[in-house]
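Student: Please find input-v5.cif (mmCIF, C-alpha atoms and all ligand atoms) on the next line:
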```cif
data_upload
#
loop_
_atom_site.label_atom_id
_atom_site.label_comp_id
_atom_site.auth_asym_id
_atom_site.auth_seq_id
_atom_site.Cartn_x
_atom_site.Cartn_y
_atom_site.Cartn_z
CA MET A 646 -86.60 -110.58 77.08
CA ALA A 647 -87.22 -111.87 73.59
CA GLU A 648 -85.19 -110.77 70.58
CA LEU A 649 -87.16 -109.41 67.64
CA ILE A 650 -85.70 -108.13 64.38
CA ARG A 651 -87.11 -106.47 61.30
CA GLY A 652 -85.37 -106.67 57.96
CA LEU A 653 -85.74 -105.69 54.34
CA SER A 654 -84.56 -107.11 51.03
CA ASP A 655 -81.97 -105.08 49.14
CA ASN A 656 -84.57 -104.06 46.51
CA GLY A 657 -87.01 -103.00 49.25
CA GLY A 658 -89.74 -105.37 48.04
CA VAL A 659 -89.70 -108.00 50.77
CA VAL A 660 -90.25 -107.26 54.45
CA PHE A 661 -89.21 -109.68 57.18
CA CYS A 662 -89.72 -109.81 60.91
CA GLY A 663 -88.67 -112.62 63.17
CA VAL A 664 -88.60 -113.29 66.89
CA ASP A 665 -87.19 -115.73 69.41
CA SER A 666 -90.20 -115.58 71.74
CA THR A 667 -89.06 -118.27 74.18
CA ASP A 668 -89.06 -115.85 77.14
CA ILE A 669 -92.54 -114.56 76.27
CA VAL A 670 -94.04 -118.03 76.07
CA CYS A 671 -92.24 -119.13 79.29
CA LYS A 672 -93.77 -116.14 81.09
CA ALA A 673 -97.22 -116.95 79.67
CA GLU A 674 -96.91 -120.55 80.83
CA GLU A 675 -95.85 -119.38 84.30
CA LEU A 676 -98.83 -117.01 84.58
CA HIS A 677 -101.49 -119.31 83.17
CA PRO A 678 -100.46 -122.86 83.91
CA THR A 679 -101.30 -124.45 80.56
CA SER A 680 -101.37 -127.97 79.16
CA ALA A 681 -98.74 -128.67 76.48
CA THR A 682 -101.25 -128.11 73.66
CA CYS A 683 -102.60 -124.90 75.20
CA SER A 684 -99.02 -123.62 75.76
CA ALA A 685 -98.42 -124.14 72.04
CA ALA A 686 -101.73 -122.52 71.04
CA LEU A 687 -101.37 -119.44 73.24
CA GLY A 688 -97.61 -119.28 72.59
CA ARG A 689 -98.12 -119.23 68.83
CA LEU A 690 -100.76 -116.52 69.10
CA LEU A 691 -98.53 -114.38 71.37
CA THR A 692 -95.61 -114.84 68.97
CA GLY A 693 -97.76 -113.81 66.00
CA ALA A 694 -99.05 -110.80 67.95
CA ALA A 695 -95.48 -109.66 68.79
CA LEU A 696 -94.55 -109.85 65.09
CA MET A 697 -97.65 -107.89 64.07
CA GLY A 698 -97.08 -105.30 66.79
CA SER A 699 -93.51 -104.70 65.67
CA MET A 700 -94.84 -103.60 62.29
CA LEU A 701 -97.05 -100.86 63.73
CA LYS A 702 -96.00 -97.28 63.06
CA ASP A 703 -96.44 -95.91 66.56
CA GLU A 704 -95.75 -97.61 69.85
CA ARG A 705 -98.99 -96.22 71.29
CA ASP A 706 -100.98 -98.18 68.66
CA SER A 707 -102.11 -101.68 69.51
CA ILE A 708 -103.60 -104.85 68.05
CA THR A 709 -105.85 -107.41 69.71
CA LEU A 710 -106.17 -110.88 68.18
CA ARG A 711 -109.18 -112.99 69.15
CA VAL A 712 -109.40 -116.59 68.03
CA ASN A 713 -112.80 -118.12 68.57
CA GLY A 714 -112.73 -121.56 66.95
CA GLY A 715 -115.35 -123.43 68.96
CA GLY A 716 -112.76 -125.95 70.22
CA PRO A 717 -112.41 -127.21 73.81
CA ALA A 718 -109.74 -124.58 74.67
CA GLY A 719 -112.32 -121.83 74.18
CA LEU A 720 -111.47 -118.26 73.27
CA LEU A 721 -107.83 -117.18 72.89
CA ILE A 722 -106.81 -113.54 73.10
CA ALA A 723 -103.45 -111.87 72.50
CA CYS A 724 -102.77 -108.13 72.62
CA THR A 725 -99.69 -106.31 71.43
CA ASP A 726 -98.54 -102.73 71.81
CA GLY A 727 -96.87 -100.91 68.94
CA SER A 728 -93.44 -102.25 69.93
CA GLY A 729 -94.30 -105.94 70.06
CA ASN A 730 -94.77 -106.36 73.82
CA VAL A 731 -97.64 -108.78 74.36
CA LYS A 732 -100.10 -110.29 76.82
CA GLY A 733 -102.68 -113.00 76.32
CA CYS A 734 -105.14 -115.43 77.83
CA ILE A 735 -106.99 -118.63 77.02
CA ASP A 736 -110.39 -119.72 78.34
CA HIS A 737 -109.59 -123.34 79.27
CA PRO A 738 -105.81 -123.56 79.71
CA LEU A 739 -105.73 -127.15 80.96
CA VAL A 740 -107.46 -128.77 77.99
CA GLU A 741 -105.26 -131.52 76.59
CA LEU A 742 -105.75 -133.68 73.50
CA PRO A 743 -103.89 -136.74 72.27
CA PRO A 744 -101.09 -135.83 69.84
CA ARG A 745 -101.79 -135.89 66.12
CA ALA A 746 -100.79 -138.86 63.97
CA ASP A 747 -97.54 -137.05 63.01
CA GLY A 748 -96.62 -136.64 66.70
CA HIS A 749 -97.30 -132.89 66.81
CA LEU A 750 -99.45 -131.24 69.46
CA ASP A 751 -103.03 -130.96 68.23
CA VAL A 752 -103.33 -127.16 68.44
CA GLY A 753 -105.98 -127.04 65.71
CA GLY A 754 -108.04 -129.61 67.61
CA ALA A 755 -107.87 -127.63 70.87
CA VAL A 756 -108.60 -124.27 69.22
CA GLY A 757 -111.16 -125.57 66.72
CA LYS A 758 -111.71 -124.19 63.24
CA ASP A 759 -115.43 -123.49 63.20
CA GLY A 760 -115.13 -119.83 63.88
CA VAL A 761 -113.26 -116.65 63.19
CA LEU A 762 -110.04 -114.76 63.79
CA THR A 763 -110.79 -111.16 64.69
CA VAL A 764 -108.07 -108.54 64.42
CA ILE A 765 -108.78 -105.26 66.20
CA ARG A 766 -106.38 -102.47 65.32
CA ASP A 767 -106.33 -99.45 67.61
CA ASN A 768 -104.69 -96.45 66.04
CA ARG A 769 -104.27 -93.39 68.23
CA LEU A 770 -105.14 -91.14 65.26
CA GLN A 771 -108.49 -92.84 64.65
CA LYS A 772 -111.52 -92.51 66.87
CA GLU A 773 -112.76 -96.05 66.31
CA PRO A 774 -110.65 -99.21 66.07
CA THR A 775 -110.47 -101.02 62.71
CA VAL A 776 -111.87 -104.53 62.94
CA GLY A 777 -111.01 -107.27 60.44
CA GLN A 778 -112.39 -110.77 60.55
CA VAL A 779 -111.63 -113.96 58.62
CA PRO A 780 -112.95 -117.50 58.97
CA LEU A 781 -110.36 -119.79 60.59
CA VAL A 782 -108.47 -122.04 58.19
CA SER A 783 -107.19 -124.68 60.61
CA GLY A 784 -107.00 -123.21 64.11
CA GLU A 785 -103.22 -123.82 63.92
CA ILE A 786 -102.75 -120.00 64.19
CA ALA A 787 -99.96 -119.39 61.60
CA GLU A 788 -102.22 -120.38 58.69
CA ASP A 789 -105.01 -118.31 60.15
CA LEU A 790 -102.83 -115.19 60.41
CA THR A 791 -101.66 -115.76 56.81
CA ALA A 792 -105.29 -115.94 55.69
CA TYR A 793 -106.06 -112.73 57.57
CA TYR A 794 -103.33 -110.86 55.70
CA ALA A 795 -104.38 -112.34 52.35
CA TYR A 796 -108.13 -111.71 52.60
CA SER A 797 -108.48 -108.80 54.95
CA GLU A 798 -105.41 -106.73 54.07
CA GLN A 799 -104.53 -108.11 50.61
CA ILE A 800 -100.87 -108.52 51.59
CA PRO A 801 -99.21 -111.75 50.42
CA THR A 802 -97.71 -113.09 53.64
CA VAL A 803 -95.89 -116.16 54.86
CA CYS A 804 -96.15 -116.82 58.58
CA ALA A 805 -94.39 -119.54 60.55
CA LEU A 806 -94.84 -119.96 64.30
CA GLY A 807 -93.56 -122.66 66.61
CA VAL A 808 -93.54 -123.61 70.28
CA LEU A 809 -91.65 -126.64 71.53
CA VAL A 810 -92.91 -127.99 74.86
CA ASP A 811 -90.83 -130.43 76.90
CA ALA A 812 -92.23 -133.55 78.54
CA ASP A 813 -92.27 -131.73 81.91
CA LEU A 814 -94.46 -129.02 80.27
CA SER A 815 -91.70 -126.40 80.37
CA ILE A 816 -91.14 -124.37 77.21
CA ARG A 817 -87.99 -125.47 75.38
CA CYS A 818 -88.16 -122.76 72.73
CA ALA A 819 -90.59 -120.63 70.75
CA GLY A 820 -90.42 -118.23 67.87
CA GLY A 821 -91.66 -117.28 64.47
CA TYR A 822 -91.39 -115.04 61.46
CA LEU A 823 -93.49 -113.13 58.96
CA VAL A 824 -92.45 -112.44 55.37
CA GLN A 825 -94.48 -109.94 53.39
CA LEU A 826 -94.30 -108.93 49.74
CA LEU A 827 -94.77 -105.29 48.92
CA PRO A 828 -96.69 -104.42 45.72
CA GLY A 829 -94.62 -104.81 42.55
CA ALA A 830 -92.97 -108.17 43.30
CA THR A 831 -92.20 -110.17 40.15
CA ASP A 832 -93.23 -113.80 39.57
CA ALA A 833 -89.57 -114.81 39.68
CA GLU A 834 -89.19 -113.22 43.12
CA ILE A 835 -92.31 -114.95 44.39
CA THR A 836 -91.04 -118.32 43.12
CA GLN A 837 -87.65 -117.75 44.77
CA LEU A 838 -89.27 -116.89 48.11
CA GLU A 839 -91.54 -119.91 47.95
CA LYS A 840 -88.50 -122.13 47.30
CA ASN A 841 -86.58 -120.58 50.19
CA ILE A 842 -89.41 -121.01 52.63
CA ALA A 843 -90.22 -124.56 51.54
CA ALA A 844 -86.58 -125.47 52.21
CA MET A 845 -86.56 -124.02 55.75
CA PRO A 846 -86.71 -126.33 58.75
CA PRO A 847 -89.43 -125.67 61.34
CA VAL A 848 -88.81 -122.60 63.52
CA THR A 849 -88.36 -124.65 66.70
CA GLU A 850 -85.74 -126.82 65.01
CA MET A 851 -83.77 -123.73 64.01
CA LEU A 852 -83.98 -122.26 67.52
CA ARG A 853 -83.04 -125.56 69.12
CA SER A 854 -79.89 -125.75 67.03
CA GLY A 855 -78.87 -122.30 68.26
CA LEU A 856 -80.05 -120.20 65.30
CA GLY A 857 -81.90 -116.93 65.86
CA PRO A 858 -84.16 -114.46 64.04
CA LYS A 859 -81.31 -113.14 61.86
CA ASP A 860 -80.57 -116.67 60.61
CA MET A 861 -84.28 -117.11 59.84
CA MET A 862 -84.15 -113.92 57.78
CA GLU A 863 -81.07 -115.00 55.88
CA GLN A 864 -82.64 -118.32 54.95
CA ALA A 865 -86.09 -116.93 54.11
CA LEU A 866 -84.71 -114.06 52.04
CA ALA A 867 -81.74 -115.92 50.49
CA GLY A 868 -80.91 -114.33 47.15
CA PHE A 869 -82.53 -111.02 48.18
CA ALA A 870 -79.49 -109.63 50.03
CA PRO A 871 -81.52 -108.77 53.14
CA SER A 872 -80.31 -106.49 55.89
CA VAL A 873 -81.53 -105.91 59.45
CA LEU A 874 -83.50 -102.66 59.82
CA ASP A 875 -83.76 -102.79 63.57
CA SER A 876 -83.53 -105.16 66.46
CA ARG A 877 -85.30 -104.85 69.78
CA GLN A 878 -86.21 -106.66 72.99
CA VAL A 879 -89.85 -107.51 73.56
CA ALA A 880 -91.55 -109.12 76.55
CA TYR A 881 -94.77 -110.44 78.03
CA ARG A 882 -96.10 -107.30 79.63
CA CYS A 883 -99.42 -106.56 81.27
CA ASP A 884 -100.41 -102.91 81.57
CA CYS A 885 -103.17 -103.36 84.14
CA SER A 886 -103.13 -101.19 87.28
CA ARG A 887 -105.20 -100.40 90.33
CA GLU A 888 -106.13 -97.05 88.83
CA ARG A 889 -107.38 -98.58 85.56
CA THR A 890 -109.32 -101.29 87.36
CA LYS A 891 -110.94 -98.66 89.55
CA GLY A 892 -111.90 -96.66 86.46
CA MET A 893 -113.48 -99.76 84.96
CA LEU A 894 -115.52 -100.38 88.13
CA LEU A 895 -116.64 -96.74 88.33
CA SER A 896 -117.73 -96.92 84.69
CA LEU A 897 -120.30 -99.58 85.64
CA GLY A 898 -122.37 -96.78 87.17
CA ARG A 899 -124.04 -96.35 90.53
CA LYS A 900 -126.88 -98.81 90.05
CA GLU A 901 -124.64 -101.70 89.07
CA LEU A 902 -122.11 -100.93 91.82
CA GLU A 903 -124.87 -100.81 94.43
CA LYS A 904 -126.08 -104.18 93.26
CA LEU A 905 -122.57 -105.61 93.59
CA ARG A 906 -122.15 -103.95 96.99
CA ASP A 907 -125.38 -105.49 98.24
CA GLU A 908 -124.02 -108.93 97.29
CA ASP A 909 -120.63 -108.30 98.93
CA PRO A 910 -119.11 -104.93 99.79
CA ARG A 911 -115.61 -106.34 99.29
CA CYS A 912 -114.89 -106.66 95.61
CA GLU A 913 -111.91 -108.45 94.13
CA VAL A 914 -111.02 -108.00 90.48
CA VAL A 915 -108.51 -110.42 88.92
CA CYS A 916 -106.70 -109.46 85.71
CA HIS A 917 -107.20 -112.06 82.95
CA PHE A 918 -103.75 -111.46 81.54
CA CYS A 919 -101.46 -111.51 84.59
CA HIS A 920 -103.71 -112.65 87.47
CA ALA A 921 -102.93 -109.52 89.50
CA LYS A 922 -105.61 -109.05 92.18
CA TYR A 923 -107.14 -105.68 93.01
CA GLU A 924 -109.40 -105.32 96.03
CA PHE A 925 -111.92 -102.55 96.47
CA ASP A 926 -114.32 -101.53 99.19
CA LEU A 927 -117.48 -100.85 97.21
CA ASP A 928 -118.94 -98.58 99.90
CA ARG A 929 -115.91 -96.32 99.59
CA LEU A 930 -115.96 -96.52 95.82
CA LEU A 931 -119.63 -95.47 95.79
CA GLN A 932 -118.74 -92.44 97.90
CA GLU A 933 -116.25 -91.44 95.23
CA LEU A 934 -118.86 -91.54 92.47
CA PRO A 935 -119.94 -88.00 91.73
CA GLU A 936 -123.48 -87.23 92.83
CA LEU A 937 -124.94 -86.95 89.36
CA PRO A 938 -128.26 -88.05 87.95
CA ALA A 939 -128.16 -91.81 87.32
CA GLU A 940 -128.03 -91.55 83.52
CA ASN A 941 -124.77 -89.62 83.67
CA CYS A 942 -123.06 -92.40 85.52
CA GLN A 943 -124.03 -95.15 83.14
CA ASN A 944 -121.02 -95.14 80.93
ZN ZN B 1001 -102.70 -107.59 84.34
#
```
Please render this file's structure as structure tokens.
Tutor:
Amino acid sequence: MAELIRGLSDNGGVVFCGVDSTDIVCKAEELHPTSATCSAALGRLLTGAALMGSMLKDERDSITLRVNGGGPAGLLIACTDGSGNVKGCIDHPLVELPPRADGHLDVGGAVGKDGVLTVIRDNRLQKEPTVGQVPLVSGEIAEDLTAYYAYSEQIPTVCALGVLVDADLSIRCAGGYLVQLLPGATDAEITQLEKNIAAMPPVTEMLRSGLGPKDMMEQALAGFAPSVLDSRQVAYRCDCSRERTKGMLLSLGRKELEKLRDEDPRCEVVCHFCHAKYEFDLDRLLQELPELPAENCQN
């Protein structure tokens, strides 16, 4: 399990959330064997999603992040529930690029930056999801999430995300934090926050030296007398099931299912997020479809 905390400055004007997502990124790497650069790319997106999910009001709400940057790694997706539990996938997990000149993994190169970040918010009280979209800044993920908050939600936000991958491709550590300013912040407060954050070491360096999300909060919000609002455990969690997969197949409608059956009556569906396999006998599934006029079975 990964430790996630939310905190608030004493004056209530600065919100913090931080996570040690090492366990989440390890699980992702185990499920989708990834190159070092793709582990970092997907790991950063999952970490950002967990932070965003923890700020939702209801645990039945959810957010899906889609990063489509036109790079060799293809499309990246991360989904979070309203608690911060996440799942994700990446189109081409084995893509590897030479490291950047500064020695860092070239996440921006693998993701690409000619494209968009799409944020789909599903609120149980709204019929339709809210979709926000911003052009990618760098494909490095943290900067792209910051831009999303600035342009799409008008919330001044600082986001830091990090994944440290060992030479043997195992995940050494991963984590991140979000700092958001509520309306009414003074210039002096903004300057102080900027100073604090500029002075912070990278997230992975903090985690590697044994520091955790609470230490991140104390450094980021130094001078603001922050306190922890709540702390929770989050995980990589896929909510797929045989029942859901069956529902999805039935929703294809009779015509489409018959076409699939004619190709091969044995149908195997593999979940993108956890690689669980579900097998169905399409002849039996077709018998379960209610005998309705074709148009009623189309959705
Ligand atoms: Zn699954």
Student: List all protein, DNA and RNA residues that have at least one atom no more than 9 Å from any atom of ligand ZN 1001 (chain B), counting all atoms listed in the file, and write them as a list of chain:residue names.
Tutor: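 The residues within 9 Å of ligand ZN 1001 (chain B), counting all atoms listed in the file, are A:Lys732, A:Arg882, A:Cys883, A:Asp884, A:Cys885, A:Ser886, A:Val915, A:Cys916, A:His917, A:Phe918, A:Cys919, A:His920, A:Ala921, A:Lys922.
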Student: Would you please work out which residue, of A:Leu750, A:Ile735, A:Ile786, A:Ala792, is nearest to Ala694 (chain A) when using only C-alpha atoms?
Tutor: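 So, comparing all the options, the nearest one is A:Ile786.
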Student: A:Gly715, A:Gly698, A:Pro738, A:Pro678: which is nearest Ile765 (chain A), counting only C-alpha atoms?
Tutor: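 Among A:Gly715, A:Gly698, A:Pro738, A:Pro678, it is A:Gly698 that comes nearest to Ile765 (chain A).
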Student: Do you have the CA of Arg689 (chain A)-CA of Arg766 (chain A) distance handy?
Tutor: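 Atom-to-atom, CA of Arg689 (chain A) and CA of Arg766 (chain A) are spaced 19.0 Å apart.
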Student: In terms of the shortest atom-to-atom distance over only C-alpha atoms, which of A:Lys672, A:Arg906, A:Lys859, A:Lys891 is closest to Ser876 (chain A)?
Tutor: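 When distances to Ser876 (chain A) are compared using only C-alpha atoms, the smallest one comes from A:Lys859.
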Student: One decimal, Å: what's the distance from CA of Gln799 (chain A) over to CA of Gly652 (chain A), could you say?
Tutor: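 Going from CA of Gln799 (chain A) over to CA of Gly652 (chain A), I get 20.6 Å.
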Student: Point out the residue among A:Arg887, A:Tyr822, A:Ser654, A:Leu701 with the least atom-to-atom distance to Gly868 (chain A), counting all atoms listed in the file.
Tutor: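 Checking each of A:Arg887, A:Tyr822, A:Ser654, A:Leu701 against Gly868 (chain A), counting all atoms listed in the file, the winner is A:Ser654.
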Student: Just the residues within 9 Å of Met861 (chain A), please, counting all atoms listed in the file, with nothing from its chain fewer than 3 positions along; format it as an mmCIF file with C-alpha atoms, in the frame of the given file.
Tutor:
```cif
data_model
loop_
_atom_site.group_PDB
_atom_site.id
_atom_site.type_symbol
_atom_site.label_atom_id
_atom_site.label_comp_id
_atom_site.auth_asym_id
_atom_site.auth_seq_id
_atom_site.Cartn_x
_atom_site.Cartn_y
_atom_site.Cartn_z
ATOM 1 C CA GLY A 663 -88.670 -112.620 63.170
ATOM 2 C CA GLY A 821 -91.660 -117.280 64.470
ATOM 3 C CA TYR A 822 -91.390 -115.040 61.460
ATOM 4 C CA MET A 845 -86.560 -124.020 55.750
ATOM 5 C CA VAL A 848 -88.810 -122.600 63.520
ATOM 6 C CA MET A 851 -83.770 -123.730 64.010
ATOM 7 C CA LEU A 856 -80.050 -120.200 65.300
ATOM 8 C CA GLY A 857 -81.900 -116.930 65.860
ATOM 9 C CA PRO A 858 -84.160 -114.460 64.040
ATOM 10 C CA GLN A 864 -82.640 -118.320 54.950
ATOM 11 C CA ALA A 865 -86.090 -116.930 54.110
ATOM 12 C CA LEU A 866 -84.710 -114.060 52.040
#
```
Student: Residues at most 8 Å from Leu826 (chain A), counting only C-alpha atoms, excluding those fewer than 3 positions away in the same chain, as a ChimeraX atom specification?
Tutor: /A:658-660,800-802,830
Student: Missing atoms in region 862-876 of chain A need filling: write out N, CA and C atoms for it as a PDB file, keeping the file's coordinate frame.
Tutor:
```pdb
ATOM      1  N   MET A 862     -84.039-114.895  58.868  1.00  0.00           N
ATOM      2  CA  MET A 862     -84.150-113.920  57.780  1.00  0.00           C
ATOM      3  C   MET A 862     -83.235-114.292  56.630  1.00  0.00           C
ATOM      4  N   GLU A 863     -82.007-114.692  56.957  1.00  0.00           N
ATOM      5  CA  GLU A 863     -81.070-115.000  55.880  1.00  0.00           C
ATOM      6  C   GLU A 863     -81.509-116.197  55.064  1.00  0.00           C
ATOM      7  N   GLN A 864     -82.154-117.158  55.716  1.00  0.00           N
ATOM      8  CA  GLN A 864     -82.640-118.320  54.950  1.00  0.00           C
ATOM      9  C   GLN A 864     -83.894-117.967  54.156  1.00  0.00           C
ATOM     10  N   ALA A 865     -84.825-117.244  54.787  1.00  0.00           N
ATOM     11  CA  ALA A 865     -86.090-116.930  54.110  1.00  0.00           C
ATOM     12  C   ALA A 865     -85.853-115.994  52.922  1.00  0.00           C
ATOM     13  N   LEU A 866     -84.937-115.061  53.093  1.00  0.00           N
ATOM     14  CA  LEU A 866     -84.710-114.060  52.040  1.00  0.00           C
ATOM     15  C   LEU A 866     -83.388-114.323  51.293  1.00  0.00           C
ATOM     16  N   ALA A 867     -82.969-115.589  51.224  1.00  0.00           N
ATOM     17  CA  ALA A 867     -81.740-115.920  50.490  1.00  0.00           C
ATOM     18  C   ALA A 867     -81.877-115.475  49.045  1.00  0.00           C
ATOM     19  N   GLY A 868     -80.858-114.826  48.539  1.00  0.00           N
ATOM     20  CA  GLY A 868     -80.910-114.330  47.150  1.00  0.00           C
ATOM     21  C   GLY A 868     -81.458-112.915  47.053  1.00  0.00           C
ATOM     22  N   PHE A 869     -81.960-112.383  48.186  1.00  0.00           N
ATOM     23  CA  PHE A 869     -82.530-111.020  48.180  1.00  0.00           C
ATOM     24  C   PHE A 869     -81.627-110.023  48.914  1.00  0.00           C
ATOM     25  N   ALA A 870     -80.451-110.478  49.310  1.00  0.00           N
ATOM     26  CA  ALA A 870     -79.490-109.630  50.030  1.00  0.00           C
ATOM     27  C   ALA A 870     -80.162-108.816  51.138  1.00  0.00           C
ATOM     28  N   PRO A 871     -80.793-109.514  52.107  1.00  0.00           N
ATOM     29  CA  PRO A 871     -81.520-108.770  53.140  1.00  0.00           C
ATOM     30  C   PRO A 871     -80.590-108.114  54.157  1.00  0.00           C
ATOM     31  N   SER A 872     -81.069-107.046  54.773  1.00  0.00           N
ATOM     32  CA  SER A 872     -80.310-106.490  55.890  1.00  0.00           C
ATOM     33  C   SER A 872     -81.280-106.178  57.040  1.00  0.00           C
ATOM     34  N   VAL A 873     -80.719-106.149  58.250  1.00  0.00           N
ATOM     35  CA  VAL A 873     -81.530-105.910  59.450  1.00  0.00           C
ATOM     36  C   VAL A 873     -81.820-104.412  59.557  1.00  0.00           C
ATOM     37  N   LEU A 874     -83.108-104.075  59.647  1.00  0.00           N
ATOM     38  CA  LEU A 874     -83.500-102.660  59.820  1.00  0.00           C
ATOM     39  C   LEU A 874     -83.375-102.239  61.268  1.00  0.00           C
ATOM     40  N   ASP A 875     -83.919-103.068  62.147  1.00  0.00           N
ATOM     41  CA  ASP A 875     -83.760-102.790  63.570  1.00  0.00           C
ATOM     42  C   ASP A 875     -83.960-104.054  64.376  1.00  0.00           C
ATOM     43  N   SER A 876     -83.434-104.012  65.573  1.00  0.00           N
ATOM     44  CA  SER A 876     -83.530-105.160  66.460  1.00  0.00           C
ATOM     45  C   SER A 876     -83.942-104.630  67.820  1.00  0.00           C
TER      46      SER A 876
END
```
